[in-house]
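To keep things clear, I will list the structure first and then write my remarks on it.
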Amino acid sequence: MVYWNEIARVGLMTVLLILGLPSGGRVSAANDRTAILIKKVEGIPEDFIKGVDISSVIALENSGVVFYNTNGEAQDIFQTLKEHGVNYIRVRVWNDPYDESGNPYGGGNNDVQTAIIIGKRAAEQGMKVCVNFHYSDFWADPSKQMVPKAWAGMDLDEKACALYEFTKDALSAMIAAGVDIGIVQIGNETTTGMCGERAWVNIAKLMSAGSRAVREVGREFGKEIMIAIHFTNPERGLAEYHRFGTLLESYKVDYDIFATSYYPYWHGTLANLTTVLKHIALNFGKKVMVAETAYAYTYEDGDGFGNTISKRSALAFPYPVSVQGQADAVRDCIQAVVDVGEAGIGVFYWEPAWIPVPGNSYNQRFELWQRYGSGWATSYAASYDPEDAGKYYGGSSWDNQALFDFSGNPLPSLGVFKDVDTGTNSDEN
């Protein structure tokens, strides 16, 4: 998740269902995979990570959202994802996303228990999990890296100890519950800081505390768990990413994967993405991956809460805003990571299921967002994050970048995760 303070809201209004999109349970061209073409990704390994982050899914289901398969039948979304080639689930973890009265902050209310529920459902479908610790009680990104409430006032040593214990306890609980953890992310989009710290000597100490916890849990449970560090803005070029690699090396941070966000409308060209990731792999000996990507398939808004990407966005869109354009964006991002070589291990799509909750009016949906935390933030989050969530709380700003339509049917673009292995155009196989 990135840059929520850039969301362009459209006001509190009643929004009708978008004409032309299929209603739940109805089969149409919108979920017919033959409706688009996917070019084969050359050189893709069999074990390449084809992941999605569906951290909001429990809150969405609690709000009444139903997901369907390509036959128009209600089906567990984890099964649908597996059938479309997804092999990894990424889930964010916040320390305590609730106010003092127990009201949810929203964004999926992703505490450890929610991560366990998501992780167990992923395991039932044979999918591994990437655990994404934000080390915050709510969204952490380049614009904000807030310390959890319980750690406020701690000095650095105390905070490092608390972070170590939280990481170890959370991972131990998840593994004991049957979650198959393959990757642990120490911080989210740590380009400008982590857990309230901005100086790199302090950030590195916290990262090292988290890494130590991961290694100890791995040894205790006999599991090989890779550690990822996550940055943004590859468009800033080699110098920027080389600086991050050098800082991590200089402070002896223990990690395996250098991860980046890559949104085509923000983060430059794919050629540049391959170049900077290959530079990290060659110069620092790390695996690399895209931890977040997405693209819009429509400019329409399904819930009355303005979308991050709209016709009013002053951005360059390198692909058509269409289902085919969305599929091409994902396919080409996968190719860019594969082109790094053996070090390029995977791509995660961010929140492909964050679709509108049921309701005939904004007010009806607002009640669900508030009760279940299925919007990006509730009004209760203002007590923790008054400058962002406290001003812009509401629904999903991502529904037009989902891989499901507004009624829960899989779009043909979801099939890109399977189709990149062979392509859908027989002339190119």
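Going through the structure tokens in order, the chains are called A, B, and so on, while each chain numbers its residues from 1 and the ligands are numbered from 1 in the order shown.
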
Inset, instruction - Find the spatial neighbours of region 417-421 of chain A, counting only C-alpha atoms, within a cut-off of 7 Å - ignore same-chain residues fewer than 6 positions away - and output them as a ChimeraX atom specification. - result: /A:38-41,44,50,84-86,331

Inset, instruction - For Leu81 (chain A), list every protein, DNA or RNA residue within 12 Å, evaluated using only C-alpha atoms, and leave out those in the same chain fewer than 5 positions away; present the list as a PyMOL selection string. - result: chain A and resi 50-54+67-70+75-76+86-89+121-122+125-127+349+352-353+403-404+409-411+413-418

Write a file of the just-selected residues containing N, CA, C and O atoms, as a short mmCIF file (atom, residue, chain, number, x, y, z; two decimals), in the first residue's frame.
```
data_model
loop_
_atom_site.label_atom_id
_atom_site.label_comp_id
_atom_site.auth_asym_id
_atom_site.auth_seq_id
_atom_site.Cartn_x
_atom_site.Cartn_y
_atom_site.Cartn_z
N LYS A 50 4.15 -16.16 -7.78
CA LYS A 50 3.04 -15.44 -8.39
C LYS A 50 2.06 -15.13 -7.26
O LYS A 50 1.16 -15.91 -6.96
N GLY A 51 2.28 -14.01 -6.61
CA GLY A 51 1.59 -13.74 -5.37
C GLY A 51 0.57 -12.63 -5.43
O GLY A 51 0.59 -11.80 -6.34
N VAL A 52 -0.32 -12.63 -4.45
CA VAL A 52 -1.28 -11.55 -4.28
C VAL A 52 -1.36 -11.21 -2.79
O VAL A 52 -1.19 -12.07 -1.93
N ASP A 53 -1.63 -9.95 -2.51
CA ASP A 53 -1.87 -9.48 -1.15
C ASP A 53 -3.37 -9.24 -1.01
O ASP A 53 -3.91 -8.31 -1.61
N ILE A 54 -4.03 -10.10 -0.25
CA ILE A 54 -5.48 -9.94 -0.05
C ILE A 54 -5.76 -9.73 1.45
O ILE A 54 -6.67 -10.33 2.02
N PHE A 67 -17.40 -13.82 -3.26
CA PHE A 67 -16.56 -14.00 -4.44
C PHE A 67 -17.01 -15.25 -5.19
O PHE A 67 -17.48 -16.22 -4.60
N TYR A 68 -16.87 -15.20 -6.52
CA TYR A 68 -17.37 -16.25 -7.39
C TYR A 68 -16.24 -16.85 -8.22
O TYR A 68 -15.17 -16.25 -8.37
N ASN A 69 -16.49 -18.04 -8.76
CA ASN A 69 -15.56 -18.62 -9.71
C ASN A 69 -15.98 -18.27 -11.13
O ASN A 69 -16.94 -17.52 -11.34
N THR A 70 -15.28 -18.81 -12.11
CA THR A 70 -15.56 -18.44 -13.51
C THR A 70 -16.88 -19.02 -14.02
O THR A 70 -17.34 -18.66 -15.10
N GLN A 75 -17.64 -19.21 -4.40
CA GLN A 75 -16.51 -20.10 -4.12
C GLN A 75 -15.48 -19.38 -3.26
O GLN A 75 -15.32 -18.16 -3.35
N ASP A 76 -14.82 -20.16 -2.39
CA ASP A 76 -13.75 -19.60 -1.57
C ASP A 76 -12.74 -18.90 -2.46
O ASP A 76 -12.21 -19.49 -3.41
N VAL A 86 -2.17 -18.49 -8.80
CA VAL A 86 -1.54 -17.84 -7.66
C VAL A 86 -0.96 -18.91 -6.73
O VAL A 86 -1.61 -19.91 -6.43
N ASN A 87 0.29 -18.70 -6.29
CA ASN A 87 0.93 -19.69 -5.41
C ASN A 87 1.44 -19.11 -4.09
O ASN A 87 2.03 -19.82 -3.28
N TYR A 88 1.21 -17.82 -3.86
CA TYR A 88 1.72 -17.17 -2.65
C TYR A 88 0.74 -16.10 -2.21
O TYR A 88 0.18 -15.37 -3.04
N ILE A 89 0.52 -15.98 -0.92
CA ILE A 89 -0.35 -14.95 -0.35
C ILE A 89 0.49 -14.04 0.54
O ILE A 89 1.24 -14.53 1.40
N ARG A 121 -6.09 -20.34 5.64
CA ARG A 121 -6.86 -20.57 4.41
C ARG A 121 -5.96 -20.70 3.20
O ARG A 121 -6.24 -21.48 2.28
N ALA A 122 -4.86 -19.95 3.20
CA ALA A 122 -3.88 -20.10 2.13
C ALA A 122 -3.25 -21.49 2.17
O ALA A 122 -3.09 -22.15 1.13
N GLN A 125 -5.01 -24.36 0.60
CA GLN A 125 -4.92 -24.42 -0.86
C GLN A 125 -3.49 -24.67 -1.32
O GLN A 125 -3.18 -24.55 -2.51
N GLY A 126 -2.60 -24.99 -0.38
CA GLY A 126 -1.22 -25.30 -0.73
C GLY A 126 -0.38 -24.09 -1.06
O GLY A 126 0.64 -24.22 -1.76
N MET A 127 -0.78 -22.92 -0.56
CA MET A 127 -0.06 -21.69 -0.87
C MET A 127 0.78 -21.24 0.32
O MET A 127 0.35 -21.31 1.48
N TYR A 349 0.81 -8.99 -6.50
CA TYR A 349 -0.19 -7.99 -6.87
C TYR A 349 -0.86 -7.52 -5.59
O TYR A 349 -1.27 -8.32 -4.75
N PRO A 352 -5.93 -7.38 -4.92
CA PRO A 352 -6.76 -7.62 -6.10
C PRO A 352 -8.22 -7.94 -5.78
O PRO A 352 -9.02 -8.08 -6.70
N ALA A 353 -8.54 -8.06 -4.49
CA ALA A 353 -9.92 -8.39 -4.12
C ALA A 353 -10.61 -7.28 -3.34
O ALA A 353 -11.71 -7.49 -2.81
N LEU A 403 -8.65 -7.43 -9.33
CA LEU A 403 -8.70 -8.45 -10.38
C LEU A 403 -10.03 -9.20 -10.34
O LEU A 403 -10.19 -10.24 -10.97
N PHE A 404 -10.96 -8.65 -9.58
CA PHE A 404 -12.36 -9.10 -9.55
C PHE A 404 -13.22 -7.88 -9.86
O PHE A 404 -12.86 -6.75 -9.51
N ASN A 409 -16.85 -11.26 -9.31
CA ASN A 409 -16.48 -12.20 -10.36
C ASN A 409 -15.03 -11.99 -10.77
O ASN A 409 -14.59 -10.85 -10.94
N PRO A 410 -14.27 -13.07 -10.97
CA PRO A 410 -12.87 -12.90 -11.41
C PRO A 410 -12.82 -12.32 -12.82
O PRO A 410 -13.53 -12.77 -13.72
N LEU A 411 -12.00 -11.30 -12.98
CA LEU A 411 -11.77 -10.75 -14.31
C LEU A 411 -10.84 -11.68 -15.09
O LEU A 411 -10.04 -12.41 -14.49
N SER A 413 -8.22 -10.96 -16.45
CA SER A 413 -6.85 -10.60 -16.12
C SER A 413 -6.29 -11.39 -14.95
O SER A 413 -5.07 -11.51 -14.80
N LEU A 414 -7.16 -11.97 -14.10
CA LEU A 414 -6.66 -12.79 -13.00
C LEU A 414 -5.91 -14.01 -13.52
O LEU A 414 -4.99 -14.51 -12.88
N GLY A 415 -6.30 -14.47 -14.70
CA GLY A 415 -5.66 -15.64 -15.28
C GLY A 415 -4.23 -15.43 -15.73
O GLY A 415 -3.55 -16.38 -16.12
N VAL A 416 -3.73 -14.18 -15.65
CA VAL A 416 -2.36 -13.90 -16.09
C VAL A 416 -1.35 -14.73 -15.32
O VAL A 416 -0.31 -15.12 -15.87
N PHE A 417 -1.63 -15.04 -14.05
CA PHE A 417 -0.66 -15.78 -13.25
C PHE A 417 -0.43 -17.19 -13.78
O PHE A 417 0.67 -17.74 -13.65
N LYS A 418 -1.45 -17.78 -14.36
CA LYS A 418 -1.29 -19.10 -14.97
C LYS A 418 -0.83 -18.99 -16.42
O LYS A 418 0.03 -19.74 -16.89
#
```

Inset, instruction - Please run DSSP on the backbone and report, as number ranges by chain, all residues within region 16-139 of chain A that come out as helix (DSSP H, G or I). - result: A: 29-31, 33-35, 57-62, 77-83, 112-124

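Compared by their closest atoms to Ala228 (chain A), and using only C-alpha atoms, the residues A:Asn272, A:Ser383, A:Asn132, A:Thr298 rank with A:Asn132 nearest.
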
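The shortest atom-to-atom distance to Leu315 (chain A), with only C-alpha atoms taken into account, belongs to A:Pro264 out of A:Pro264, A:Lys278, A:Thr80, A:Gly344.
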
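Counting only C-alpha atoms and comparing A:Pro412, A:Pro356, A:Gly373, A:Gly187, the residue that lies closest to Leu37 (chain A) is A:Pro412.
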
Inset, instruction - Name all residues at most 9 Å from region 182-186 of chain A (count only C-alpha atoms; drop same-chain ones fewer than 6 positions away) and give them as a PyMOL selection string. - result: chain A and resi 88+90+128-135+171+206-208+210-211+214+223-230+255+257+259

Store the residues picked out above in a file with N, CA, C and O atoms, as a compact mmCIF listing (two decimals), in the first residue's frame.
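Dumped to selection.txt:
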```
# COMPACT_ATOMS: atom_id res chain seq x y z
N TYR A 88 1.21 -17.82 -3.86
CA TYR A 88 1.72 -17.17 -2.65
C TYR A 88 0.74 -16.10 -2.21
O TYR A 88 0.18 -15.37 -3.04
N ARG A 90 0.38 -12.75 0.35
CA ARG A 90 1.05 -11.78 1.21
C ARG A 90 0.01 -11.18 2.16
O ARG A 90 -1.10 -10.87 1.74
N LYS A 128 1.98 -20.76 0.03
CA LYS A 128 2.84 -20.18 1.05
C LYS A 128 2.41 -18.75 1.37
O LYS A 128 1.62 -18.15 0.62
N VAL A 129 2.98 -18.22 2.46
CA VAL A 129 2.61 -16.89 2.92
C VAL A 129 3.84 -16.02 3.11
O VAL A 129 4.87 -16.47 3.62
N CYS A 130 3.71 -14.77 2.67
CA CYS A 130 4.68 -13.72 2.96
C CYS A 130 4.07 -12.83 4.04
O CYS A 130 3.06 -12.19 3.81
N VAL A 131 4.68 -12.83 5.23
CA VAL A 131 4.19 -12.03 6.35
C VAL A 131 4.84 -10.65 6.30
O VAL A 131 6.07 -10.53 6.34
N ASN A 132 4.00 -9.62 6.20
CA ASN A 132 4.49 -8.25 6.02
C ASN A 132 4.25 -7.44 7.29
O ASN A 132 3.19 -6.86 7.49
N PHE A 133 5.27 -7.42 8.16
CA PHE A 133 5.17 -6.63 9.39
C PHE A 133 5.36 -5.15 9.09
O PHE A 133 6.41 -4.73 8.58
N HIS A 134 4.36 -4.35 9.44
CA HIS A 134 4.48 -2.90 9.31
C HIS A 134 5.16 -2.28 10.52
O HIS A 134 5.69 -1.18 10.43
N TYR A 135 5.12 -2.95 11.65
CA TYR A 135 5.63 -2.42 12.92
C TYR A 135 5.01 -1.05 13.21
O TYR A 135 5.68 -0.08 13.52
N LEU A 171 5.14 -14.91 14.66
CA LEU A 171 5.52 -15.98 13.73
C LEU A 171 5.33 -17.36 14.35
O LEU A 171 4.86 -18.29 13.69
N LEU A 206 16.65 -1.86 14.45
CA LEU A 206 15.32 -2.47 14.52
C LEU A 206 15.17 -3.60 13.50
O LEU A 206 14.61 -4.66 13.81
N MET A 207 15.66 -3.37 12.28
CA MET A 207 15.61 -4.42 11.27
C MET A 207 16.37 -5.67 11.73
O MET A 207 15.90 -6.80 11.55
N SER A 208 17.52 -5.45 12.33
CA SER A 208 18.32 -6.59 12.79
C SER A 208 17.62 -7.35 13.90
O SER A 208 17.72 -8.58 13.99
N GLY A 210 14.36 -7.67 14.18
CA GLY A 210 13.35 -8.46 13.50
C GLY A 210 13.93 -9.66 12.79
O GLY A 210 13.39 -10.77 12.85
N SER A 211 15.07 -9.47 12.12
CA SER A 211 15.72 -10.56 11.40
C SER A 211 16.15 -11.66 12.37
O SER A 211 16.03 -12.86 12.07
N VAL A 214 13.24 -13.81 13.19
CA VAL A 214 12.87 -14.70 12.09
C VAL A 214 13.80 -15.91 12.04
O VAL A 214 13.35 -17.06 11.90
N LYS A 223 12.18 -24.60 9.66
CA LYS A 223 11.69 -24.03 8.40
C LYS A 223 12.71 -23.05 7.82
O LYS A 223 13.35 -22.30 8.56
N GLU A 224 12.84 -23.07 6.51
CA GLU A 224 13.66 -22.08 5.82
C GLU A 224 12.79 -20.89 5.46
O GLU A 224 11.93 -20.98 4.58
N ILE A 225 12.98 -19.79 6.15
CA ILE A 225 12.17 -18.59 5.94
C ILE A 225 13.08 -17.49 5.42
O ILE A 225 14.08 -17.14 6.06
N MET A 226 12.75 -16.93 4.27
CA MET A 226 13.54 -15.84 3.71
C MET A 226 13.09 -14.51 4.32
O MET A 226 11.90 -14.32 4.62
N ILE A 227 14.04 -13.61 4.47
CA ILE A 227 13.77 -12.29 5.03
C ILE A 227 13.86 -11.25 3.92
O ILE A 227 14.84 -11.22 3.16
N ALA A 228 12.85 -10.40 3.83
CA ALA A 228 12.80 -9.35 2.81
C ALA A 228 12.83 -7.97 3.46
O ALA A 228 12.24 -7.76 4.52
N ILE A 229 13.53 -7.04 2.80
CA ILE A 229 13.51 -5.62 3.14
C ILE A 229 12.90 -4.89 1.96
O ILE A 229 13.26 -5.14 0.81
N HIS A 230 11.98 -3.95 2.23
CA HIS A 230 11.10 -3.42 1.19
C HIS A 230 11.27 -1.90 1.03
O HIS A 230 11.16 -1.15 1.99
N TYR A 255 19.47 -10.20 5.75
CA TYR A 255 18.27 -10.37 4.92
C TYR A 255 18.63 -11.13 3.66
O TYR A 255 19.81 -11.27 3.30
N ILE A 257 16.19 -10.98 0.63
CA ILE A 257 15.48 -10.45 -0.53
C ILE A 257 15.41 -8.93 -0.46
O ILE A 257 14.97 -8.37 0.55
N ALA A 259 13.30 -6.15 -1.82
CA ALA A 259 11.98 -6.03 -2.45
C ALA A 259 11.67 -4.58 -2.77
O ALA A 259 12.10 -3.66 -2.06
```

Legend entry - Residues of region 201-234 of chain A in strand (DSSP E), written as a PyMOL selection string: chain A and resi 226-231

Legend entry - Pick from A:Val321, A:Ala170, A:Cys333, A:Val276, whichever lies nearest to Glu292 (chain A) using only C-alpha atoms: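 With only C-alpha atoms as the atom set, the closest residue is A:Cys333.
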
Inset, instruction - Determine, counting only C-alpha atoms, which protein, DNA and RNA residues have an atom within 8 Å of an atom of Arg371 (chain A); residues of the same chain fewer than 2 positions away are not included. Present the result as a list in words. - result: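 Answer for this query is Asn103, Pro104, Glu367, Leu368, Trp369 and Gly373 of chain A.
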
Inset, instruction - Write out as a list in words which residues come within 8 Å of Asp303 (chain A) when counting only C-alpha atoms, dropping same-chain ones fewer than 6 positions away. - result: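 My list of contacting residues is Val15, Pro356, Val357, Tyr362, Arg365, Gly395 and Ser396 of chain A.
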
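Proximity to Ile355 (chain A) at 8 Å, evaluated using only C-alpha atoms and with sequence-adjacent residues fewer than 3 positions away removed, yields Gly302, Ser396, Trp398, Asp399, Asn400, Ala402, Phe404, Asp405, Phe406, Ser407 and Gly408 of chain A.
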
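All residues of protein, DNA or RNA that reach within 10 Å of Ala271 (chain A), judged by only C-alpha atoms and not counting those fewer than 2 positions away in the chain, are Gly268, Thr269, Leu273, Thr274, Thr275, Val276, Cys333, Ala336, Val337 and Asp339 of chain A.
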
Export of prior selection with N, CA and C atoms as a PDB file, in the first residue's frame:
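New file out_17.pdb:
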```pdb
ATOM      1  N   GLY A 268       8.244   4.587 -12.986  1.00  0.00           N
ATOM      2  CA  GLY A 268       9.163   4.532 -14.113  1.00  0.00           C
ATOM      3  C   GLY A 268       8.963   3.331 -15.017  1.00  0.00           C
ATOM      4  N   THR A 269       9.972   3.089 -15.839  1.00  0.00           N
ATOM      5  CA  THR A 269       9.868   2.055 -16.863  1.00  0.00           C
ATOM      6  C   THR A 269      10.227   0.678 -16.322  1.00  0.00           C
ATOM      7  N   LEU A 273      13.333  -0.866 -14.019  1.00  0.00           N
ATOM      8  CA  LEU A 273      13.104  -1.795 -12.913  1.00  0.00           C
ATOM      9  C   LEU A 273      14.064  -2.978 -13.004  1.00  0.00           C
ATOM     10  N   THR A 274      14.166  -3.569 -14.171  1.00  0.00           N
ATOM     11  CA  THR A 274      15.090  -4.687 -14.356  1.00  0.00           C
ATOM     12  C   THR A 274      16.522  -4.263 -14.067  1.00  0.00           C
ATOM     13  N   THR A 275      16.899  -3.090 -14.533  1.00  0.00           N
ATOM     14  CA  THR A 275      18.269  -2.610 -14.356  1.00  0.00           C
ATOM     15  C   THR A 275      18.620  -2.436 -12.882  1.00  0.00           C
ATOM     16  N   VAL A 276      17.757  -1.790 -12.116  1.00  0.00           N
ATOM     17  CA  VAL A 276      18.095  -1.529 -10.714  1.00  0.00           C
ATOM     18  C   VAL A 276      18.074  -2.817  -9.894  1.00  0.00           C
ATOM     19  N   CYS A 333       5.407  -6.890 -15.890  1.00  0.00           N
ATOM     20  CA  CYS A 333       6.130  -6.763 -14.626  1.00  0.00           C
ATOM     21  C   CYS A 333       6.796  -8.095 -14.273  1.00  0.00           C
ATOM     22  N   ALA A 336       9.815  -8.490 -16.417  1.00  0.00           N
ATOM     23  CA  ALA A 336      10.908  -7.619 -15.981  1.00  0.00           C
ATOM     24  C   ALA A 336      11.687  -8.230 -14.829  1.00  0.00           C
ATOM     25  N   VAL A 337      10.991  -8.897 -13.911  1.00  0.00           N
ATOM     26  CA  VAL A 337      11.679  -9.540 -12.789  1.00  0.00           C
ATOM     27  C   VAL A 337      12.382 -10.814 -13.249  1.00  0.00           C
ATOM     28  N   ASP A 339      13.651 -11.249 -16.095  1.00  0.00           N
ATOM     29  CA  ASP A 339      14.815 -10.811 -16.863  1.00  0.00           C
ATOM     30  C   ASP A 339      16.014 -10.462 -15.991  1.00  0.00           C
TER      31      ASP A 339
END
```

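Here CA of Leu247 (chain A) is placed at a distance of 18.2 Å from CA of Gly196 (chain A).
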
Inset, instruction - Name the closest residue to Phe284 (chain A) among the candidates A:Val338, A:Leu156, A:Met194, A:Leu248; distances are taken between atoms, counting only C-alpha atoms. - result: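 Closest to Phe284 (chain A), using only C-alpha atoms: A:Leu248.
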
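Atom pair CA of Tyr392 (chain A) / CA of Asp137 (chain A) has a distance of 17.1 Å (rounded to one decimal).
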